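*Asks:* Following this line is target-v6.tsv, made up of TSV, C-alpha atoms:
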```
chain	number	residue	atom	x	y	z
A	83	MET	CA	5.81	13.43	130.55
A	84	SER	CA	8.02	14.73	133.38
A	85	TRP	CA	6.97	17.95	135.12
A	86	PHE	CA	10.00	19.83	133.79
A	87	ALA	CA	9.55	18.81	130.14
A	88	ASN	CA	5.89	19.87	130.36
A	89	TRP	CA	6.35	23.14	132.29
A	90	PHE	CA	9.52	24.46	130.67
A	91	ASP	CA	8.03	23.99	127.20
A	92	SER	CA	4.86	25.90	128.15
A	93	PRO	CA	4.41	29.53	127.02
A	94	TYR	CA	3.21	30.30	130.57
A	95	TYR	CA	6.64	29.42	131.96
A	96	HIS	CA	8.20	32.08	129.76
A	97	THR	CA	5.51	34.60	130.69
A	98	LEU	CA	5.99	34.05	134.42
A	99	TYR	CA	9.77	34.45	134.24
A	100	LYS	CA	10.11	36.95	131.42
A	101	ASN	CA	11.33	39.77	133.66
A	102	ARG	CA	14.50	38.05	134.86
A	103	ASP	CA	17.30	40.49	135.54
A	104	GLU	CA	19.43	40.60	132.37
A	105	LYS	CA	21.86	43.12	133.83
A	106	GLU	CA	22.48	40.92	136.87
A	107	ALA	CA	23.19	37.93	134.62
A	108	GLN	CA	25.63	39.96	132.53
A	109	VAL	CA	27.47	41.29	135.59
A	110	PHE	CA	27.81	37.70	136.84
A	111	ILE	CA	29.29	36.56	133.52
A	112	ASP	CA	31.64	39.56	133.40
A	113	ASN	CA	32.83	38.72	136.91
A	114	LEU	CA	33.37	35.05	136.02
A	115	ILE	CA	35.34	35.85	132.86
A	116	ASP	CA	37.48	38.36	134.72
A	117	TYR	CA	38.13	36.18	137.79
A	118	LEU	CA	38.76	32.95	135.87
A	119	GLN	CA	40.62	34.70	133.03
A	120	ILE	CA	38.58	32.85	130.38
A	121	PRO	CA	40.16	33.81	127.04
A	122	LYS	CA	38.24	34.83	123.95
A	123	GLY	CA	37.76	31.94	121.58
A	124	SER	CA	37.21	29.45	124.41
A	125	LYS	CA	34.72	26.69	123.61
A	126	LEU	CA	31.79	26.80	126.06
A	127	ILE	CA	28.62	24.75	126.42
A	128	ASP	CA	25.70	26.07	128.48
A	129	ILE	CA	23.66	23.16	129.86
A	130	ALA	CA	19.90	23.79	130.30
A	131	CYS	CA	20.28	27.12	128.54
A	132	GLY	CA	16.57	27.99	128.19
A	133	LYS	CA	16.16	30.68	125.55
A	134	GLY	CA	19.90	31.27	125.68
A	135	ARG	CA	20.32	34.51	127.59
A	136	HIS	CA	23.58	33.41	129.24
A	137	ALA	CA	24.87	31.63	126.11
A	138	LYS	CA	24.25	34.71	123.96
A	139	TYR	CA	26.13	36.97	126.36
A	140	PHE	CA	29.10	34.59	126.59
A	141	ASN	CA	29.14	34.68	122.78
A	142	ARG	CA	29.09	38.48	122.79
A	143	LYS	CA	32.15	38.32	125.07
A	144	GLY	CA	34.05	36.37	122.43
A	145	MET	CA	33.34	32.73	123.30
A	146	ASP	CA	32.53	29.93	120.84
A	147	VAL	CA	29.25	28.78	122.44
A	148	VAL	CA	26.79	25.89	122.25
A	149	GLY	CA	23.56	26.08	124.25
A	150	VAL	CA	21.50	22.94	124.93
A	151	ASP	CA	18.10	22.50	126.52
A	152	LEU	CA	15.36	19.86	126.68
A	153	SER	CA	12.65	22.35	125.63
A	154	PRO	CA	12.08	22.56	121.85
A	155	ASN	CA	10.19	25.86	122.27
A	156	SER	CA	13.11	27.44	124.11
A	157	ILE	CA	15.61	26.24	121.51
A	158	ASN	CA	13.41	27.43	118.63
A	159	THR	CA	13.47	30.91	120.19
A	160	ALA	CA	17.21	30.80	120.90
A	161	ASN	CA	17.95	29.65	117.33
A	162	LYS	CA	16.88	33.05	115.98
A	163	ASP	CA	20.16	34.49	117.30
A	164	GLU	CA	22.47	31.73	116.03
A	165	ASN	CA	25.72	32.62	114.28
A	166	LYS	CA	28.85	30.70	113.28
A	167	ASN	CA	30.11	30.84	116.89
A	168	LEU	CA	26.73	30.38	118.61
A	169	GLN	CA	24.59	27.28	118.12
A	170	PHE	CA	21.65	25.79	120.01
A	171	SER	CA	20.37	22.24	120.20
A	172	VAL	CA	17.65	20.20	121.94
A	173	HIS	CA	19.51	17.87	124.29
A	174	ASP	CA	19.02	15.99	127.58
A	175	MET	CA	21.63	17.07	130.16
A	176	ARG	CA	21.99	13.45	131.33
A	177	GLU	CA	23.61	12.48	128.02
A	178	ASN	CA	27.08	13.39	126.77
A	179	TYR	CA	27.05	16.08	124.10
A	180	GLN	CA	30.64	15.98	122.79
A	181	GLU	CA	33.31	14.34	124.90
A	182	ASN	CA	36.55	16.19	125.72
A	183	THR	CA	35.50	19.18	123.59
A	184	PHE	CA	34.82	22.21	125.79
A	185	ASP	CA	37.03	24.52	127.84
A	186	VAL	CA	34.05	25.59	129.97
A	187	VAL	CA	30.74	23.94	130.87
A	188	THR	CA	28.09	26.09	132.59
A	189	ASN	CA	24.86	25.16	134.37
A	190	LEU	CA	23.36	28.42	135.58
A	191	PHE	CA	20.36	29.92	137.41
A	192	THR	CA	19.23	26.77	139.30
A	193	SER	CA	18.87	24.63	136.17
A	194	PHE	CA	19.36	21.38	138.06
A	195	GLY	CA	17.78	19.13	140.70
A	196	TYR	CA	14.77	18.15	138.60
A	197	PHE	CA	15.02	14.37	138.70
A	198	GLU	CA	13.38	11.84	140.99
A	199	ASP	CA	16.48	9.65	141.31
A	200	ASN	CA	19.89	10.90	142.45
A	201	LYS	CA	21.37	8.56	139.83
A	202	ASP	CA	20.03	10.92	137.16
A	203	GLU	CA	21.59	13.93	138.92
A	204	GLN	CA	24.89	12.05	138.97
A	205	LYS	CA	24.50	11.13	135.29
A	206	ALA	CA	24.03	14.82	134.48
A	207	ILE	CA	27.19	15.86	136.36
A	208	ASN	CA	29.10	12.96	134.77
A	209	ALA	CA	28.00	14.15	131.32
A	210	MET	CA	29.08	17.72	132.11
A	211	ALA	CA	32.49	16.40	133.17
A	212	SER	CA	32.72	14.24	130.05
A	213	ASN	CA	32.08	17.27	127.81
A	214	LEU	CA	35.11	19.04	129.31
A	215	LYS	CA	38.66	18.97	128.03
A	216	LYS	CA	41.37	18.10	130.56
A	217	GLU	CA	41.89	21.13	132.86
A	218	GLY	CA	38.48	22.46	131.75
A	219	LEU	CA	36.11	24.26	134.13
A	220	LEU	CA	32.56	23.40	135.20
A	221	ILE	CA	30.61	26.38	136.59
A	222	ILE	CA	27.42	25.61	138.53
A	223	ASP	CA	25.07	28.35	139.77
A	224	PHE	CA	22.35	26.97	142.07
A	225	MET	CA	20.11	28.45	144.74
A	226	ASN	CA	21.33	28.34	148.34
A	227	ALA	CA	18.69	25.80	149.31
A	228	LYS	CA	19.07	26.29	153.07
A	229	LYS	CA	18.41	30.03	152.82
A	230	VAL	CA	15.53	29.53	150.37
A	231	ILE	CA	13.82	27.09	152.76
A	232	ALA	CA	14.37	29.38	155.76
A	233	ASN	CA	12.77	32.30	153.90
A	234	LEU	CA	10.12	30.47	151.87
A	235	VAL	CA	7.26	32.66	150.62
A	236	LEU	CA	4.30	30.30	151.01
A	237	ASN	CA	1.73	32.18	148.92
A	238	GLU	CA	2.14	34.67	146.09
A	239	GLN	CA	-0.05	36.10	143.34
A	240	LYS	CA	1.17	37.79	140.15
A	241	THR	CA	-0.63	39.19	137.14
A	242	ILE	CA	1.50	39.38	133.98
A	243	ASP	CA	0.10	40.32	130.55
A	244	GLY	CA	-3.42	39.85	131.93
A	245	ILE	CA	-2.64	36.30	133.09
A	246	GLN	CA	-3.02	35.52	136.81
A	247	PHE	CA	-0.50	33.23	138.53
A	248	ASP	CA	-1.40	31.91	141.99
A	249	ILE	CA	1.71	30.33	143.48
A	250	LYS	CA	1.95	28.13	146.59
A	251	ARG	CA	5.30	26.86	147.90
A	252	HIS	CA	6.17	24.12	150.35
A	253	VAL	CA	8.99	21.71	151.20
A	254	LYS	CA	8.45	17.96	151.08
A	255	ASP	CA	10.79	14.95	151.03
A	256	GLY	CA	13.86	17.04	150.22
A	257	TYR	CA	12.21	19.02	147.43
A	258	ILE	CA	11.11	22.64	147.19
A	259	LEU	CA	7.74	22.54	145.45
A	260	LYS	CA	5.94	25.36	143.71
A	261	ASP	CA	2.30	24.76	142.72
A	262	ILE	CA	1.26	27.22	140.03
A	263	CYS	CA	-2.40	27.83	139.18
A	264	ILE	CA	-2.78	29.89	135.99
A	265	THR	CA	-5.94	31.79	135.05
A	266	ASP	CA	-5.90	33.03	131.45
A	267	GLY	CA	-9.33	34.44	130.68
A	268	LYS	CA	-11.75	31.57	131.16
A	269	GLU	CA	-9.02	28.97	130.95
A	270	GLN	CA	-7.26	27.51	133.98
A	271	GLN	CA	-4.13	25.35	134.06
A	272	GLN	CA	-2.03	23.82	136.81
A	273	PHE	CA	1.72	23.20	136.82
A	274	GLN	CA	4.23	22.21	139.45
A	275	GLU	CA	7.93	22.96	139.85
A	276	LYS	CA	9.79	20.39	141.92
A	277	VAL	CA	13.44	21.18	142.58
A	278	LYS	CA	15.66	19.11	144.85
A	279	ALA	CA	17.09	21.09	147.78
A	280	ILE	CA	20.67	20.21	146.86
A	281	THR	CA	23.26	21.36	149.41
A	282	LEU	CA	26.99	21.97	149.13
A	283	ALA	CA	27.57	18.52	150.67
A	284	ASP	CA	25.36	16.90	148.01
A	285	TYR	CA	27.10	18.72	145.18
A	286	SER	CA	30.51	17.88	146.61
A	287	GLU	CA	29.66	14.18	146.37
A	288	PHE	CA	28.30	14.44	142.80
A	289	ILE	CA	31.36	16.39	141.68
A	290	ALA	CA	33.89	14.08	143.32
A	291	ASN	CA	32.15	11.05	141.80
A	292	ALA	CA	32.49	12.67	138.37
A	293	GLY	CA	36.25	13.01	138.82
A	294	LEU	CA	36.22	16.80	139.21
A	295	LYS	CA	37.66	19.00	141.94
A	296	ILE	CA	35.92	22.06	143.47
A	297	ILE	CA	38.42	24.94	143.33
A	298	ASP	CA	36.17	27.88	144.35
A	299	ILE	CA	32.82	28.36	146.13
A	300	PHE	CA	30.95	31.68	145.91
A	301	GLY	CA	27.72	32.93	147.47
A	302	ASN	CA	26.49	35.57	145.02
A	303	TYR	CA	27.02	37.06	141.56
A	304	LYS	CA	29.67	39.45	142.93
A	305	LEU	CA	31.69	36.30	143.77
A	306	ASP	CA	31.70	36.89	147.53
A	307	ASP	CA	32.43	33.91	149.79
A	308	PHE	CA	29.66	31.37	150.35
A	309	ASP	CA	27.85	31.33	153.70
A	310	GLU	CA	24.96	28.86	153.93
A	311	LYS	CA	23.00	31.12	156.29
A	312	ILE	CA	23.08	34.37	154.28
A	313	SER	CA	24.26	33.69	150.71
A	314	ASP	CA	21.67	33.96	147.93
A	315	ARG	CA	23.46	31.53	145.61
A	316	LEU	CA	25.68	28.45	145.69
A	317	ILE	CA	28.23	28.93	142.90
A	318	LEU	CA	30.80	26.19	142.33
A	319	ILE	CA	33.89	26.36	140.15
A	320	CYS	CA	35.13	22.84	139.40
A	321	LYS	CA	38.16	21.63	137.45
A	322	LYS	CA	38.73	18.45	135.46
```
Produce structure tokens that represent the structure in this file.
*Replies:*
Amino acid sequence: MSWFANWFDSPYYHTLYKNRDEKEAQVFIDNLIDYLQIPKGSKLIDIACGKGRHAKYFNRKGMDVVGVDLSPNSINTANKDENKNLQFSVHDMRENYQENTFDVVTNLFTSFGYFEDNKDEQKAINAMASNLKKEGLLIIDFMNAKKVIANLVLNEQKTIDGIQFDIKRHVKDGYILKDICITDGKEQQQFQEKVKAITLADYSEFIANAGLKIIDIFGNYKLDDFDEKISDRLILICKK
């Protein structure tokens, strides 16, 4: 089993990241909707949606939303909030979901760069493009890999709900790796996150190959301009 299928479906993954900033995510979505003038009733698919925090907020803002993720545990949790305009499904981002169906495709919060082969990354972008209607928008929110590497925290320890997480980070062969040792009572487990340090140049190639055009590049959730030295995020707005 791939590292991401194993780790993302683990309850420890959700424990480690349970305190993600909901307000920040909502402000980001508000800013996107306002800037891009996305109308209510738009059909949106959130790729690698996790438990659906972004998908649910887009739905609250009036969108007709589908969220897909490879993790059955995440989708089972997300399903509890389904309604007639909000559905969730287990799905591999490398495969088309529904061709020429969606006004907006989103891939948010560094939910990309997991694969060993760049061909799989390209397949994922191609599938995102295929899901879009003509003139539809793809929104990608990724880390600014160059800043992350320049400011890498090598060692970190967290205790959450009585569970200890010892985290070591390093960069190897174009990947940012996070080795996570978990101590839960007498039980110990090891996981690894391995995310490709994808740059703007890399994304530009993937996106052009998929027949899309980058129309905006932002560096944070306030939608300020991207600067590879100081920006926290790499946010791409692409059009079919």
*Asks:* Output as CSV one row per residue of segment 160-218 of chain A within 10 Å of segment 294-313 of chain A: the closest atom pair and its distance in Å to one decimal place, counting all atoms listed in the file, sorted by chain and residue number ascending.
*Replies:*
```
residue,atom,partner,partner_atom,distance
A:Ile207,CA,A:Leu294,CA,9.5
A:Asn208,CA,A:Leu294,CA,9.2
A:Ala211,CA,A:Leu294,CA,7.1
A:Glu217,CA,A:Leu294,CA,9.6
A:Gly218,CA,A:Leu294,CA,9.6
```
*Asks:* For segment 191-202 of chain A, please output as a ChimeraX atom specification all residues within 10 Å (counting all atoms listed in the file; exclusion window: fewer than 3 positions along the same chain).
*Replies:* /A:84-87,107,129-132,136,151,175-177,188,205-208,222-226,257-258,275-280,284,288,315-317
*Asks:* Counting all atoms listed in the file, which residues come within 7 Å of (2.1, 25.4, 138.0), with the point read in the file's coordinates, and could you list them as an mmCIF file with C-alpha atoms, keeping the file's coordinate frame?
*Replies:*
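Final output, selection-v7.cif:
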```cif
data_model
loop_
_atom_site.group_PDB
_atom_site.id
_atom_site.type_symbol
_atom_site.label_atom_id
_atom_site.label_comp_id
_atom_site.auth_asym_id
_atom_site.auth_seq_id
_atom_site.Cartn_x
_atom_site.Cartn_y
_atom_site.Cartn_z
ATOM 1 C CA LYS A 260 5.940 25.360 143.710
ATOM 2 C CA ASP A 261 2.300 24.760 142.720
ATOM 3 C CA ILE A 262 1.260 27.220 140.030
ATOM 4 C CA CYS A 263 -2.400 27.830 139.180
ATOM 5 C CA ILE A 264 -2.780 29.890 135.990
ATOM 6 C CA GLN A 272 -2.030 23.820 136.810
ATOM 7 C CA PHE A 273 1.720 23.200 136.820
ATOM 8 C CA GLN A 274 4.230 22.210 139.450
ATOM 9 C CA GLU A 275 7.930 22.960 139.850
#
```
*Asks:* Between A:Pro93, A:Pro154, A:Gly134, A:Gly144, which has the minimum distance to Asp266 of chain A (counting only C-alpha atoms)?
*Replies:*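 Among the listed residues, A:Pro93 lies closest to Asp266 of chain A.
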*Asks:* Find the axis-aligned box for segment 283-296 of chain A, covering all its listed atoms and adding 3 Å on each side, and write its centre and edge lengths in Å to one decimal as JSON.
*Replies:*
```
{"center_x": 31.5, "center_y": 16.6, "center_z": 144.5, "size_x": 18.3, "size_y": 17.0, "size_z": 18.3}
```
*Asks:* Have a look at atom CA of Leu234 of chain A and atom CA of Asn101 of chain A and let me know their distance in Å, one decimal.
*Replies:* 20.5 Å
*Asks:* Can you list, as a list of chain:residue names, every protein, DNA or RNA residue that comes within 12 Å of Gly244 of chain A when you count all atoms listed in the file, leaving out same-chain residues fewer than 4 positions away?
*Replies:* A:Tyr94, A:Thr97, A:Leu98, A:Lys240, A:Ile264, A:Thr265, A:Asp266, A:Gly267, A:Lys268
*Asks:* Between atom CA of Phe110 of chain A and atom CA of Lys321 of chain A, what is the distance in Å, rounded to a tenth?
*Replies:*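 Straight-line distance from atom CA of Phe110 of chain A to atom CA of Lys321 of chain A works out to 19.1 Å.
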*Asks:* Just to confirm, what's the straight-line distance from atom CA of Gln180 of chain A to atom CA of Asn155 of chain A in Å (one decimal)?
*Replies:*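 Atom CA of Gln180 of chain A sits 22.7 Å away from atom CA of Asn155 of chain A.
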*Asks:* Mind checking which residues fall within 6 Å of Leu168 of chain A, counting only C-alpha atoms, ignoring those fewer than 2 positions away in the same chain, and posting them as a list in words?
*Replies:*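 Counting only C-alpha atoms, the residues come to Val147, Val148, Glu164, Asn165 and Lys166 of chain A.
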*Asks:* For Lys100 of chain A, which of A:Asn88, A:Gly293, A:Asp243, A:Asp128 is the closest residue, counting all atoms listed in the file?
*Replies:*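 The closest residue to Lys100 of chain A is A:Asp243.
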*Asks:* Pick out the closest residue to Asn213 of chain A from this set: A:Lys322, A:Lys228, A:Lys122, A:Arg142. Count all atoms listed in the file.
*Replies:*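 Once distances to Asn213 of chain A are computed over all atoms listed in the file, the minimum belongs to A:Lys322.
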*Asks:* Check the smallest atom-to-atom distance from each of A:Ile242, A:Ile120, A:Val230, A:Ile115 to Tyr99 of chain A using only C-alpha atoms, then report the winner.
*Replies:*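 Closest residue, counting only C-alpha atoms: A:Ile242.
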*Asks:* Pick out the closest residue to Val253 of chain A from this set: A:Ser171, A:Asn189, A:Gln204, A:Asn233. Count all atoms listed in the file.
*Replies:*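 Closest to Val253 of chain A, using all atoms listed in the file: A:Asn233.
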*Asks:* Show me, as a list in words, the residues that have an atom within 7 Å of Leu214 of chain A when counting all atoms listed in the file, minus same-chain residues fewer than 3 positions from it.
*Replies:*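 Returned residues: Glu181, Asn182, Thr183, Phe184, Asp185, Val186, Val187, Met210, Ala211 and Gly218 of chain A.
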